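Here the structure comes first, spelled out in structure tokens, and everything after it is commentary.
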Amino acid sequence: MNAPLTLLDRLWSLHEVHQGEDGTSLLWVDRHLVHEGSHHAFAKLAERGLPVAEPGLTFAVVDHYAPTRRTGPMADPAIARMIDTLRGNATRHGLRLFDLEDPDQGIVHVVGPEQGLTLPGLLITCGDSHTSTHGAFGALAFGIGATEVAHVLATQTIWQRKPQALRITVDGDLPPGVSAKDIALNWIARLGADGAQGHAVEYAGSAVRNLSMEGRMTLCNLTIEGGGRMGMVAPDDTTFAYMRGRPHAPHGDDWQRVLDNWRNLASDADARFDRDVALSAEQIAPIVTWGTSPEQALPIDALVPDPEGLPPAKAQAARAALDYMGLVPGRPLAGTPVDQIFIGSCTNGRIEDLRAAAAVLAGRKARVPGLVSPGSARVKAQAEQEGLDRIFVEAGLEWVASGCSMCVGMNGDLVEAGKRCASSTNRNFRGRQGKGARTHLMSPAMVAAAAVTGTLSDVRPLLKGRAL
Amino acid sequence: MAGWTVTRGKAVLLPMANIDTDQLIPARFMSTPRTQGYGRFLLHDVRRNARGEPAPDFPLNAHPDATILVAGRNFGSGSSREAAVYALVDAGVRVVAAPSFGDIFAGNAVNNGLLPARVAEADAALLTKVLSTGTAQGAADLGARLLTIADLSVPFELDEVWRTKLLNGWDDIDLTRQHSTEIAAYRARIQSDPGRFPDDNAVRS
């Protein structure tokens, strides 16, 4: 009998072109996504005079530098140049480009699944660490650096050593007001920002099965914040229902054939994982980060931690983080005033995220200014069709075009030094949203709660009596 | 990229955990062409005070000639930006020693000749002690997998493939081209598998 296999084992062997004697594998890349930040890699290619090996498998998206106000000329010539460089490279190499005015433009990790470019069983790379997002479909997807991007462009393959397998099982029902973001921040706080280093994470359990594709994408997206380069969920009927009819997904006879293949993409019941972690969904509360690493996260009803009470290894980092964040140990996290909010990003910029935020904001006013940037032009159009944009605008928030926006600030959407932002994004690193900016990560619903109250707040009371 | 076996130089301590890629190079500098050099962006905001002046007590400001950094756990966590490695390399850094590294960062480092030397927590504590009062001369030996700072030598862990790559300065694209027949065969094998190549539905509709 064959040894039981994990989903990682199956995906890995499906893509192995060559197995090196040294334990590394040469893997075939099914989809390669590039963006403005890929300019270093294109420059490397040009230096060597090499073409893109598979233009039909390479897709270019304007997202990192995309202005979220699309009217008028671009104010910053450096930003305009970054976008023009991508256009030039896409034209030169004959790549499909999702440009600013394209109705299918958006953040690369939102566009891929939306277009059916991301599919179960594929290997997907992109010069962006949140490529782990695509693993939600049962794909092997991971972020790579510029040298690797150049390598994939030139050869459509990548050398990798197979990571270890870590399974995170979340069983039970998530309480109301608690989402995939909270599951992710919960395990990252437990295992650490380097907890999953060297591992591919497979998410399993009834709470994961009950998540929508949007929720699974959020979960896989944040895997890198716990150190794991790849996150994945075995595909099921939820996955297939999402995929069916997507522009680039198989159709007709191919759809039936591909479904048979996809149903085999799962870990065997008796597969052995290098590590196993179990969480109980019932015990997960809405979480906010208090520090400058995603591991520095606590339930909203907790107190700002006192470094004196932490182990020495963590105390120093906590002291520095609290100093940067301007927080006082021992005070409740809830009630901390925020200056602004941001809803968007590849982590939480999809339609379900906007619905969750709108459910809190409907009929209410935001006490602080904020930006809502949908993850793609398609998400934007759908939200407008559902009237969500009006809820945001009537609450006093700004409804803008899609892009990475204030998650990384490359397009000029920045948080000023010393300002505190409640954000649905993925990194609370020092200076991430702008020099000196103070970021608190949380779910879109929790961001909406912060908007309505002007402080870090528990969203649960605000949801009472509202249809979710 | 040239290979190397032993590198010697001045070692300094960056006694912080989670030095992420946004700290190593803030995003606003990343539109700069590499030809202009990235060294000046290294830890740009971390090494400056609130007024934007270089903080005199920041180790790299006092010792810009350091080539070996000893840092806390989870160094280079965060984004895939290879620019974080460019900033280190262009500032003259050849070795970063830490108890753990971001996976993507470590791969990027090796692709640029920078050694991510993974040392045991206990050894990191010893190295920290040696450097806590100032700098020292150090050396990293890829052959012996040994990091020496002043009189203290500690072993470091490094993937064997990465070690070979650093020693030889190999370029993966050249290496991969030796497998072009296998790649072509693989492509032919999957060509008619549904889904492996994107459906052109969207193009036709």
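Each chain in the structure tokens gets a letter, A, B and so on, in the order shown; residues start at 1 in every chain, and ligands are counted from 1 in the order they appear.
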
> chain B: which residues are helix (DSSP H, G or I) by DSSP, as a count of residues only?
Replying inline: 74

>> Show me, as a PyMOL selection string, every residue of chain B with an atom at most 8 Å from chain A, counting only C-alpha atoms.
In response: chain B and resi 16-18+20+22-23+26-28+30-31+33-34+45+74+77-82+100-105+107-108+111+160-161+172-173+176-177+179+182-183+186+194-202

Which polymer residues have any atom within 8 Å of an atom of A:Val400, counting only C-alpha atoms, with same-chain residues fewer than 3 positions away left out, as an mmCIF file with C-alpha atoms, in the first residue's frame?
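New file around.cif:
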```cif
data_model
loop_
_atom_site.group_PDB
_atom_site.id
_atom_site.type_symbol
_atom_site.label_atom_id
_atom_site.label_comp_id
_atom_site.auth_asym_id
_atom_site.auth_seq_id
_atom_site.Cartn_x
_atom_site.Cartn_y
_atom_site.Cartn_z
ATOM 1 C CA THR A 68 -6.912 55.226 -5.548
ATOM 2 C CA ARG A 69 -8.175 58.529 -6.981
ATOM 3 C CA LEU A 371 -10.604 55.170 3.409
ATOM 4 C CA VAL A 372 -12.417 52.192 1.911
ATOM 5 C CA SER A 373 -10.568 50.704 -1.057
ATOM 6 C CA PRO A 374 -12.126 47.591 -2.617
#
```

>> I'd like the neighbourhood of stretch 123-125 of chain B as an NGL selection string, where a residue qualifies if any of its atoms comes within 10 Å (using only C-alpha atoms), though same-chain residues fewer than 5 positions away should be ignored.
In response: :B and (15 or 70-73 or 97-99 or 118 or 130-131 or 152-156)

> Residues at most 7 Å from A:Pro337, counting only C-alpha atoms, excluding those fewer than 4 positions away in the same chain, as a list in words?
Replying inline: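 Result of the neighbour search: Gly454, Thr455 and Leu456 of chain A.
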
> Smallest atom-to-atom distance to A:Pro286: which of A:Ala334, A:Val201, A:Leu222, A:Val328, using only C-alpha atoms?
Replying inline: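 Distance minimum relative to A:Pro286 lands on A:Ala334.
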
>> Set the distance at 6 Å and use only C-alpha atoms: which residues neighbour stretch 60-69 of chain B once local chain neighbours fewer than 5 positions away are removed? I'd like the list as a list of chain:residue names.
In response: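 Result of the neighbour search: B:Gly9, B:Lys10, B:Ala11, B:Val12, B:Leu13, B:Gly92, B:Val93, B:Arg94, B:Val95, B:Val96.
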
> Can you tell me, as a ChimeraX atom specification, what residues are no more than 10 Å from A:Thr238 when counting only C-alpha atoms, ignoring any on the same chain fewer than 2 positions away?
Replying inline: /A:137,209-213,235-236,240-243

Selected residues, N, CA, C and O atoms, written as a PDB file, in the first residue's frame, please.
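Below is the file again20.pdb, written as the result:
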```pdb
ATOM      1  N   PHE A 137      -7.456  27.889  -2.503  1.00  0.00           N
ATOM      2  CA  PHE A 137      -8.128  27.073  -3.513  1.00  0.00           C
ATOM      3  C   PHE A 137      -7.512  25.679  -3.645  1.00  0.00           C
ATOM      4  O   PHE A 137      -7.856  24.927  -4.551  1.00  0.00           O
ATOM      5  N   ARG A 209     -13.838  24.589   7.003  1.00  0.00           N
ATOM      6  CA  ARG A 209     -14.784  24.109   5.984  1.00  0.00           C
ATOM      7  C   ARG A 209     -15.971  25.059   5.849  1.00  0.00           C
ATOM      8  O   ARG A 209     -16.517  25.237   4.773  1.00  0.00           O
ATOM      9  N   ASN A 210     -16.379  25.646   6.981  1.00  0.00           N
ATOM     10  CA  ASN A 210     -17.542  26.536   6.958  1.00  0.00           C
ATOM     11  C   ASN A 210     -17.219  27.942   6.481  1.00  0.00           C
ATOM     12  O   ASN A 210     -18.122  28.759   6.314  1.00  0.00           O
ATOM     13  N   LEU A 211     -15.930  28.234   6.299  1.00  0.00           N
ATOM     14  CA  LEU A 211     -15.575  29.564   5.792  1.00  0.00           C
ATOM     15  C   LEU A 211     -15.896  29.655   4.302  1.00  0.00           C
ATOM     16  O   LEU A 211     -15.771  28.686   3.562  1.00  0.00           O
ATOM     17  N   SER A 212     -16.283  30.839   3.871  1.00  0.00           N
ATOM     18  CA  SER A 212     -16.428  31.123   2.441  1.00  0.00           C
ATOM     19  C   SER A 212     -15.036  31.147   1.815  1.00  0.00           C
ATOM     20  O   SER A 212     -14.023  31.122   2.518  1.00  0.00           O
ATOM     21  N   MET A 213     -14.972  31.238   0.495  1.00  0.00           N
ATOM     22  CA  MET A 213     -13.662  31.354  -0.158  1.00  0.00           C
ATOM     23  C   MET A 213     -12.963  32.639   0.287  1.00  0.00           C
ATOM     24  O   MET A 213     -11.751  32.657   0.455  1.00  0.00           O
ATOM     25  N   PRO A 235      -9.542  21.801  -1.620  1.00  0.00           N
ATOM     26  CA  PRO A 235     -10.739  22.302  -2.301  1.00  0.00           C
ATOM     27  C   PRO A 235     -11.948  21.414  -2.033  1.00  0.00           C
ATOM     28  O   PRO A 235     -11.817  20.209  -1.825  1.00  0.00           O
ATOM     29  N   ASP A 236     -13.124  22.027  -2.028  1.00  0.00           N
ATOM     30  CA  ASP A 236     -14.379  21.295  -1.816  1.00  0.00           C
ATOM     31  C   ASP A 236     -15.470  21.980  -2.630  1.00  0.00           C
ATOM     32  O   ASP A 236     -15.174  22.832  -3.482  1.00  0.00           O
ATOM     33  N   PHE A 240     -15.406  24.845  -5.646  1.00  0.00           N
ATOM     34  CA  PHE A 240     -15.856  24.610  -7.026  1.00  0.00           C
ATOM     35  C   PHE A 240     -16.961  25.599  -7.396  1.00  0.00           C
ATOM     36  O   PHE A 240     -16.999  26.100  -8.520  1.00  0.00           O
ATOM     37  N   ALA A 241     -17.852  25.881  -6.435  1.00  0.00           N
ATOM     38  CA  ALA A 241     -18.939  26.826  -6.711  1.00  0.00           C
ATOM     39  C   ALA A 241     -18.371  28.213  -7.004  1.00  0.00           C
ATOM     40  O   ALA A 241     -18.865  28.935  -7.875  1.00  0.00           O
ATOM     41  N   TYR A 242     -17.300  28.586  -6.281  1.00  0.00           N
ATOM     42  CA  TYR A 242     -16.666  29.895  -6.521  1.00  0.00           C
ATOM     43  C   TYR A 242     -16.046  29.943  -7.918  1.00  0.00           C
ATOM     44  O   TYR A 242     -16.125  30.946  -8.623  1.00  0.00           O
ATOM     45  N   MET A 243     -15.429  28.845  -8.317  1.00  0.00           N
ATOM     46  CA  MET A 243     -14.644  28.805  -9.549  1.00  0.00           C
ATOM     47  C   MET A 243     -15.481  28.730 -10.818  1.00  0.00           C
ATOM     48  O   MET A 243     -15.098  29.235 -11.863  1.00  0.00           O
TER      49      MET A 243
END
```

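Residue nearest A:Leu441, chosen from A:Gly215, A:Pro163, A:Pro51, A:Pro299 and counting only C-alpha atoms: A:Pro299.
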
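Assigned to strand (DSSP E or B) in stretch 94-168 of chain A, given DSSP computed from backbone atoms, are Arg96, Leu97, Phe98, Gly106, Leu123, Ile124, Thr125, Cys126, Leu140, Ala141, Phe142, Gly143, Thr157, Ile158, Trp159, Gln160, Arg161, Gln164, Ala165, Leu166, Arg167 and Ile168 of chain A.
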
>> Could you tell me how far atom CA of B:Leu126 sits from atom CA of B:Pro59, in Å to one decimal place?
In response: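 It comes out at 18.0 Å.
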
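The interatomic distance for the pair atom CA of A:Pro103 and atom CA of A:Ala377 works out to 5.7 Å.
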